[in-house]
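Remarks on the structure that follows.
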Amino acid sequence: MKLKNALVALSVAAATSATAVVALPGGAAVAASSHLKVCASDNYTPTCYTRTSYDGNWHNDPCDLSCGVYDSTFGDDISSYKNNSPYWWKMYHDKSYKGYTLCVRPWGYDANMGDSTPSEDDISSVKRQGTSQPTGCDKVVG
Ligand SMILES: [Ca+2]
Ligand SMILES: [Ca+2]
Ligand SMILES: [Ca+2]
């Protein structure tokens, strides 16, 4: 092949390898970096966690004083989030995937949940959904 075509082929190969996927037992393919990021305060500060599939109880995750003097756990502290995945996510007010439910669009984000949801400092569990909009949403966000 000509040099120009070879360069194009190389750049395509490089781009392909940069988006490596991981095969899961269920047959679903998830991008290696696919996750939901949630943070204790607005604008993705100062304490953040990521989850790739679920967390039924944020209250057992230790936090620092950024989460509040009266609360040393991450439960009921999420104020900003970013969905770095092609999947919908549900964020629930209560532990074990119960209570008022936010449905976050694929790639959706909010740097200050208080602006657009009634759920700032209320989220207690999260779970990844499929690629189409799930049922059971009290509010669609992101
Ligand atoms: Ca947890
Ligand atoms: Ca907060
Ligand atoms: Ca809660």
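Residue numbering restarts at 1 for every chain of the structure tokens, chains are lettered A, B, ... in their displayed order, and ligands are numbered from 1 as they appear.
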Could you give me the residues within 6 Å of ligand 3, counting only C-alpha atoms and all ligand atoms, as a ChimeraX atom specification? /A:76,93-94,122-124
Based on the selection just made, write N, CA and C atoms of those residues as a PDB file, in the first residue's frame.
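Everything below was put into selection31.pdb:
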```pdb
ATOM      1  N   ASP A  76     -25.910   9.942  51.492  1.00  0.00           N
ATOM      2  CA  ASP A  76     -26.608  11.229  51.551  1.00  0.00           C
ATOM      3  C   ASP A  76     -25.661  12.417  51.414  1.00  0.00           C
ATOM      4  N   HIS A  93     -32.967   7.381  46.361  1.00  0.00           N
ATOM      5  CA  HIS A  93     -32.879   8.078  47.650  1.00  0.00           C
ATOM      6  C   HIS A  93     -32.545   7.122  48.794  1.00  0.00           C
ATOM      7  N   ASP A  94     -32.980   5.871  48.697  1.00  0.00           N
ATOM      8  CA  ASP A  94     -32.805   4.931  49.802  1.00  0.00           C
ATOM      9  C   ASP A  94     -31.802   3.838  49.461  1.00  0.00           C
ATOM     10  N   ASP A 122     -29.042  13.253  49.062  1.00  0.00           N
ATOM     11  CA  ASP A 122     -30.071  12.258  49.384  1.00  0.00           C
ATOM     12  C   ASP A 122     -29.794  10.870  48.817  1.00  0.00           C
ATOM     13  N   ILE A 123     -28.923  10.769  47.816  1.00  0.00           N
ATOM     14  CA  ILE A 123     -28.734   9.489  47.125  1.00  0.00           C
ATOM     15  C   ILE A 123     -28.055   8.464  48.042  1.00  0.00           C
ATOM     16  N   SER A 124     -28.640   7.267  48.124  1.00  0.00           N
ATOM     17  CA  SER A 124     -28.088   6.228  48.993  1.00  0.00           C
ATOM     18  C   SER A 124     -27.702   4.952  48.269  1.00  0.00           C
TER      19      SER A 124
END
```
At a cut-off of 6 Å around ligand 2, and using only C-alpha atoms and all ligand atoms, what residues come up? Please write them as an MDAnalysis selection string. chainID A and resid 40:41 77:79 121
To one decimal place in Å, what is the distance between CA of Ser33 (chain A) and CA of Pro106 (chain A)?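 Rounded to one decimal, the two atoms are 13.8 Å apart.
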Which residues are near ligand 1 in this structure, taking near to mean any atom at most 8 Å from a ligand atom and counting only C-alpha atoms and all ligand atoms? Format them as a PyMOL selection string. chain A and resi 55-61+125
Please compute the CA of Lys82 (chain A)-CA of Thr101 (chain A) distance, one decimal, in Å.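 It comes out at 16.5 Å.
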As a PyMOL selection string, please: every residue in region 51-116 of chain A that a backbone DSSP assignment puts in strand (DSSP E). chain A and resi 51+54-55+80-84+89-94+98-104+109-110
What would the file look like if the residues just selected were written as an mmCIF file, in the first residue's frame with N, CA and C atoms?
```
data_model
loop_
_atom_site.group_PDB
_atom_site.id
_atom_site.type_symbol
_atom_site.label_atom_id
_atom_site.label_comp_id
_atom_site.auth_asym_id
_atom_site.auth_seq_id
_atom_site.Cartn_x
_atom_site.Cartn_y
_atom_site.Cartn_z
ATOM 1 N N ARG A 51 -18.206 3.872 40.254
ATOM 2 C CA ARG A 51 -18.735 2.514 40.276
ATOM 3 C C ARG A 51 -18.968 2.084 38.833
ATOM 4 N N TYR A 54 -22.773 -1.104 40.317
ATOM 5 C CA TYR A 54 -23.790 -0.829 41.328
ATOM 6 C C TYR A 54 -23.141 -0.499 42.665
ATOM 7 N N ASP A 55 -23.921 0.091 43.564
ATOM 8 C CA ASP A 55 -23.605 0.150 44.995
ATOM 9 C C ASP A 55 -24.922 0.287 45.736
ATOM 10 N N SER A 80 -22.757 16.077 42.982
ATOM 11 C CA SER A 80 -22.485 16.166 41.545
ATOM 12 C C SER A 80 -22.173 14.764 41.010
ATOM 13 N N TYR A 81 -22.471 14.561 39.734
ATOM 14 C CA TYR A 81 -22.220 13.241 39.146
ATOM 15 C C TYR A 81 -21.889 13.388 37.678
ATOM 16 N N LYS A 82 -21.235 12.375 37.140
ATOM 17 C CA LYS A 82 -20.978 12.297 35.705
ATOM 18 C C LYS A 82 -21.069 10.844 35.283
ATOM 19 N N ASN A 83 -21.952 10.577 34.334
ATOM 20 C CA ASN A 83 -22.121 9.225 33.815
ATOM 21 C C ASN A 83 -21.171 9.020 32.642
ATOM 22 N N ASN A 84 -20.041 8.405 32.910
ATOM 23 C CA ASN A 84 -19.042 8.136 31.859
ATOM 24 C C ASN A 84 -19.296 6.765 31.252
ATOM 25 N N TRP A 89 -28.248 4.972 34.214
ATOM 26 C CA TRP A 89 -28.037 4.603 35.612
ATOM 27 C C TRP A 89 -29.245 5.073 36.409
ATOM 28 N N LYS A 90 -29.603 4.319 37.452
ATOM 29 C CA LYS A 90 -30.594 4.777 38.419
ATOM 30 C C LYS A 90 -29.869 5.181 39.700
ATOM 31 N N MET A 91 -30.305 6.311 40.263
ATOM 32 C CA MET A 91 -29.796 6.758 41.560
ATOM 33 C C MET A 91 -30.997 6.887 42.492
ATOM 34 N N TYR A 92 -30.926 6.197 43.635
ATOM 35 C CA TYR A 92 -32.083 6.073 44.528
ATOM 36 C C TYR A 92 -31.873 6.848 45.827
ATOM 37 N N HIS A 93 -32.967 7.381 46.361
ATOM 38 C CA HIS A 93 -32.879 8.078 47.650
ATOM 39 C C HIS A 93 -32.545 7.122 48.794
ATOM 40 N N ASP A 94 -32.980 5.871 48.697
ATOM 41 C CA ASP A 94 -32.805 4.931 49.802
ATOM 42 C C ASP A 94 -31.802 3.838 49.461
ATOM 43 N N LYS A 98 -34.151 1.618 46.491
ATOM 44 C CA LYS A 98 -35.542 1.935 46.821
ATOM 45 C C LYS A 98 -35.728 3.444 46.927
ATOM 46 N N GLY A 99 -36.996 3.838 46.959
ATOM 47 C CA GLY A 99 -37.336 5.241 47.145
ATOM 48 C C GLY A 99 -37.306 6.021 45.832
ATOM 49 N N TYR A 100 -37.404 7.318 45.972
ATOM 50 C CA TYR A 100 -37.417 8.243 44.833
ATOM 51 C C TYR A 100 -36.231 7.939 43.914
ATOM 52 N N THR A 101 -36.506 7.835 42.617
ATOM 53 C CA THR A 101 -35.501 7.330 41.693
ATOM 54 C C THR A 101 -35.198 8.311 40.572
ATOM 55 N N LEU A 102 -33.927 8.703 40.479
ATOM 56 C CA LEU A 102 -33.457 9.489 39.335
ATOM 57 C C LEU A 102 -32.950 8.532 38.271
ATOM 58 N N CYS A 103 -33.267 8.802 37.000
ATOM 59 C CA CYS A 103 -32.703 8.034 35.902
ATOM 60 C C CYS A 103 -31.758 8.953 35.121
ATOM 61 N N VAL A 104 -30.488 8.580 35.094
ATOM 62 C CA VAL A 104 -29.458 9.393 34.464
ATOM 63 C C VAL A 104 -29.209 8.902 33.040
ATOM 64 N N TYR A 109 -24.634 14.324 32.954
ATOM 65 C CA TYR A 109 -23.864 14.850 34.083
ATOM 66 C C TYR A 109 -24.585 16.042 34.693
ATOM 67 N N ASP A 110 -24.207 16.347 35.934
ATOM 68 C CA ASP A 110 -24.744 17.513 36.621
ATOM 69 C C ASP A 110 -23.728 17.931 37.675
#
```
Computed interatomic separation between CA of Cys63 (chain A) and CA of Gly130 (chain A) (Å):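 About the pair CA of Cys63 (chain A) and CA of Gly130 (chain A): they are 29.5 Å apart.
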Given only C-alpha atoms as the counted atoms, nearest of A:Ser85, A:Gln129, A:Thr135, A:Ser96 to Gly108 (chain A): A:Ser85
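In terms of minimum interatomic distance to Asp138 (chain A), A:Pro118 ranks closest within A:Ala111, A:Pro118, A:Cys48, A:Pro86, counting only C-alpha atoms.
Using only C-alpha atoms, the nearest neighbour of Tyr44 (chain A) within the list A:Thr117, A:Trp88, A:Asn112, A:Gly68 is A:Asn112.
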